[in-house]
Amino acid sequence: MASMPETELDHLRPCSSLGDEKFVDSDDQPFLSRVVSDPLGKSDHQRRRRVAGKPMRPLRQQTFSRDIGHAAKETYLITRLSFKLLRYLGVGYRWITRLLGLVCYALLLMPGFLQVAYNYFFSSHVRRSIVYGDQPRNRLDLYFPTDTEEPKPVVIFVTGGAWIIGYKAWGSLLGFQLAERDIIVACLDYRNFPQGTISDMVNDVSQGISFVFNNIADYGGDPNRIYLMGQSAGAHISACALLELAMQEAAIGVDFSPKVSEIKAYFGLSGGYNLLNLVDHFHNRGLYRSIFLSIMEGKESLTEYSPEVKIQNPSFKTAVSLLPPIILFHGTSDCSIPSDASRTFVDALREVGAQAELVLYEGKTHTDLFLQDPLRGGKDALFDHLVAVIHADDKEALAKDAMAPPRRRLVPEILLKLARKISPF
């Protein structure tokens, strides 16, 4: 895909992000740098203004004004990208019916989405839009536990969205629920199509992983307990990034950072890892072949961005031993990405000597595991499995998990059942 002209990228570049704790008139500096250089969050320029006697607006008023301005600019960005995407999609009944299904699906789950959104914007345990790179949408959100006395394990989460509608806030429900179990969650944002193609997405996620490794200790995270997780398209992108980083570490050696060998485990949820087997399937479900190949930078790139194929290449042999334990989760009733996609990837991983495990959930769909079940509250097999792996070496944390109260229901059961029936995924 031809790259956009610089002027287009400038327009697509996000403005100062919501919740990044930047004052209205501070310089455009990453959050971490501002905190380290000025822990009170006040720039020299702001202090000079106060000394001069010019009244400062209250912080909440400044934040509200900034949020309104940012929301307006993001609305403009999304609208323009939507029209650009429509030019690619053209008129087709499959994607139009999927879009209508998505709207109805979201409306049915809105009671839960509104509660999560309120916490996302107003909770003191969330740091939104921390800058991790210099490309558009190189931002991440951090979700913190209430208890921050000791360094906490960290999950880097990459959201899905068919490589087109992914956004870091989609991981907020998982972020809040894991934070309740004393786990810090970093939800990465990355460029979507048509703002970027697959190589841009993999580069963004790789850079986000590097940022977390190098900086999470400053936010109370334990750099020796970092886990990587992706869902749907995010599972594919994060798996590509994992393999790319492993190859770089194998080539460069001990001086390479971040070290894939230091990732405690990789969790892939409802992902597709062999694109060659999925092109026709996606086409029949509304992600047309021409669009998908544009996202993946042409048919010739499908092998390069198929982790299942890539690990079988002899050139990857030296990197296999660096891979962390890999656990793939999938529902057997997933129509968006069949569970065989995870099954064959696990088989390929084991064949080359990697440590891999497959966990199948009978009758679960593409969205059951990530949305309906968490919104239902109570016991959740996938969530409990994740927490058990992360806390496996922490007896105190496991004891607290055993005493944790059931998760609260966010959506009535009747709405969850209706949403499941009309889900376009």
# chains A, B, ... in the order shown; residues from 1 in each chain; ligands from 1
$ residues_around --residues "Leu269 of chain A" --least-positions-apart "3" --cutoff "8 Å" --atoms "only C-alpha atoms" --output "NGL selection string"
:A and (229-232 or 235 or 328-330)
$ write_last_selection --atoms "all heavy atoms" --output "short mmCIF file (atom, residue, chain, number, x, y, z; two decimals), in the first residue's frame"
data_model
loop_
_atom_site.label_atom_id
_atom_site.label_comp_id
_atom_site.auth_asym_id
_atom_site.auth_seq_id
_atom_site.Cartn_x
_atom_site.Cartn_y
_atom_site.Cartn_z
N MET A 229 -0.27 -10.49 26.00
CA MET A 229 -1.56 -11.08 25.64
C MET A 229 -2.17 -10.31 24.48
O MET A 229 -2.06 -9.09 24.40
CB MET A 229 -2.51 -11.06 26.85
CG MET A 229 -3.88 -11.65 26.57
SD MET A 229 -4.91 -11.71 28.07
CE MET A 229 -6.39 -12.48 27.42
N GLY A 230 -2.84 -11.04 23.57
CA GLY A 230 -3.56 -10.41 22.48
C GLY A 230 -4.87 -11.13 22.25
O GLY A 230 -5.02 -12.31 22.56
N GLN A 231 -5.86 -10.38 21.71
CA GLN A 231 -7.17 -10.96 21.44
C GLN A 231 -7.55 -10.75 19.98
O GLN A 231 -7.38 -9.65 19.46
CB GLN A 231 -8.21 -10.31 22.38
CG GLN A 231 -9.61 -10.89 22.26
CD GLN A 231 -10.53 -10.11 21.33
OE1 GLN A 231 -10.29 -8.94 21.05
NE2 GLN A 231 -11.59 -10.74 20.87
N SER A 232 -8.01 -11.80 19.31
CA SER A 232 -8.46 -11.73 17.92
C SER A 232 -7.34 -11.19 17.02
O SER A 232 -6.26 -11.75 16.99
CB SER A 232 -9.73 -10.88 17.83
OG SER A 232 -10.34 -10.99 16.57
N ALA A 235 -4.26 -10.74 18.87
CA ALA A 235 -3.47 -11.96 19.11
C ALA A 235 -2.54 -12.21 17.94
O ALA A 235 -1.38 -12.61 18.12
CB ALA A 235 -4.41 -13.15 19.33
N LEU A 328 -2.74 -20.72 24.27
CA LEU A 328 -3.77 -20.22 23.37
C LEU A 328 -5.15 -20.64 23.87
O LEU A 328 -5.37 -21.80 24.22
CB LEU A 328 -3.54 -20.74 21.94
CG LEU A 328 -2.18 -20.43 21.30
CD1 LEU A 328 -2.17 -20.89 19.85
CD2 LEU A 328 -1.86 -18.94 21.38
N PHE A 329 -6.06 -19.67 23.90
CA PHE A 329 -7.44 -19.90 24.34
C PHE A 329 -8.37 -19.70 23.14
O PHE A 329 -8.21 -18.75 22.37
CB PHE A 329 -7.84 -18.93 25.45
CG PHE A 329 -6.91 -18.93 26.63
CD1 PHE A 329 -5.88 -18.00 26.74
CD2 PHE A 329 -7.07 -19.84 27.66
CE1 PHE A 329 -5.03 -17.98 27.83
CE2 PHE A 329 -6.23 -19.84 28.76
CZ PHE A 329 -5.20 -18.91 28.85
N HIS A 330 -9.38 -20.57 23.01
CA HIS A 330 -10.30 -20.44 21.88
C HIS A 330 -11.62 -21.11 22.20
O HIS A 330 -11.66 -22.15 22.87
CB HIS A 330 -9.70 -21.08 20.62
CG HIS A 330 -9.90 -20.27 19.39
ND1 HIS A 330 -8.86 -19.79 18.60
CD2 HIS A 330 -11.02 -19.83 18.78
CE1 HIS A 330 -9.33 -19.12 17.58
NE2 HIS A 330 -10.65 -19.13 17.67
#
$ closest_atom_pairs --of "segment 251-365 of chain A" --to "segment 238-242 of chain A" --cutoff "10 Å" --atoms "only C-alpha atoms" --output "Markdown table"
| residue | atom | partner | partner_atom | distance |
| --- | --- | --- | --- | --- |
| A:Lys259 | CA | A:Leu242 | CA | 10.0 |
| A:Val260 | CA | A:Leu242 | CA | 7.0 |
| A:Ile263 | CA | A:Leu242 | CA | 9.6 |
| A:Tyr266 | CA | A:Ala239 | CA | 8.3 |
| A:Phe267 | CA | A:Ala239 | CA | 9.3 |
| A:Gly268 | CA | A:Ala239 | CA | 7.8 |
| A:Gly271 | CA | A:Ala239 | CA | 9.1 |
| A:Gly272 | CA | A:Ala239 | CA | 9.6 |
| A:Tyr273 | CA | A:Ala239 | CA | 7.8 |
| A:Glu304 | CA | A:Cys240 | CA | 8.9 |
| A:Tyr305 | CA | A:Cys240 | CA | 6.4 |
| A:Ser306 | CA | A:Cys240 | CA | 7.4 |
| A:Pro307 | CA | A:Cys240 | CA | 5.9 |
| A:Glu308 | CA | A:Ala239 | CA | 9.5 |
| A:Lys310 | CA | A:Cys240 | CA | 9.0 |
| A:Leu323 | CA | A:Leu242 | CA | 7.9 |
| A:Pro324 | CA | A:Leu242 | CA | 9.3 |
| A:Ile326 | CA | A:Ala239 | CA | 9.8 |
$ closest_atom_pairs --of "segment 307-425 of chain A" --to "segment 104-109 of chain A" --cutoff "6 Å" --atoms "only C-alpha atoms" --output "CSV"
residue,atom,partner,partner_atom,distance
A:Leu415,CA,A:Leu108,CA,5.7
A:Ala419,CA,A:Tyr105,CA,5.1
A:Ser423,CA,A:Tyr105,CA,5.7
$ atom_distance --atom1 "atom CA of Arg408 of chain A" --atom2 "atom CA of Val126 of chain A"
19.3 Å
$ select_by_dssp --residues "segment 256-366 of chain A" --states "helix (DSSP H, G or I)" --output "PyMOL selection string"
chain A and resi 260-262+275-277+279-284+289-295+299-301+307-310+314-322+340-351
$ atom_distance --atom1 "atom CA of Ile337 of chain A" --atom2 "atom CA of Ser270 of chain A"
6.8 Å
$ closest_residue --among "A:Lys417, A:Leu114, A:Pro145, A:Trp163" --to "His236 of chain A" --atoms "only C-alpha atoms"
A:Trp163
$ closest_residue --among "A:Val279, A:Val212, A:Val116, A:Met201" --to "Val131 of chain A" --atoms "only C-alpha atoms"
A:Val212
$ closest_residue --among "A:Leu178, A:Val359, A:Tyr219, A:Leu173" --to "Phe383 of chain A" --atoms "only C-alpha atoms"
A:Leu178
$ residues_around --residues "His125 of chain A" --least-positions-apart "5" --cutoff "12 Å" --atoms "only C-alpha atoms" --output "ChimeraX atom specification"
/A:19,119-120,141-148,172,175-177,179-180,182-185,219
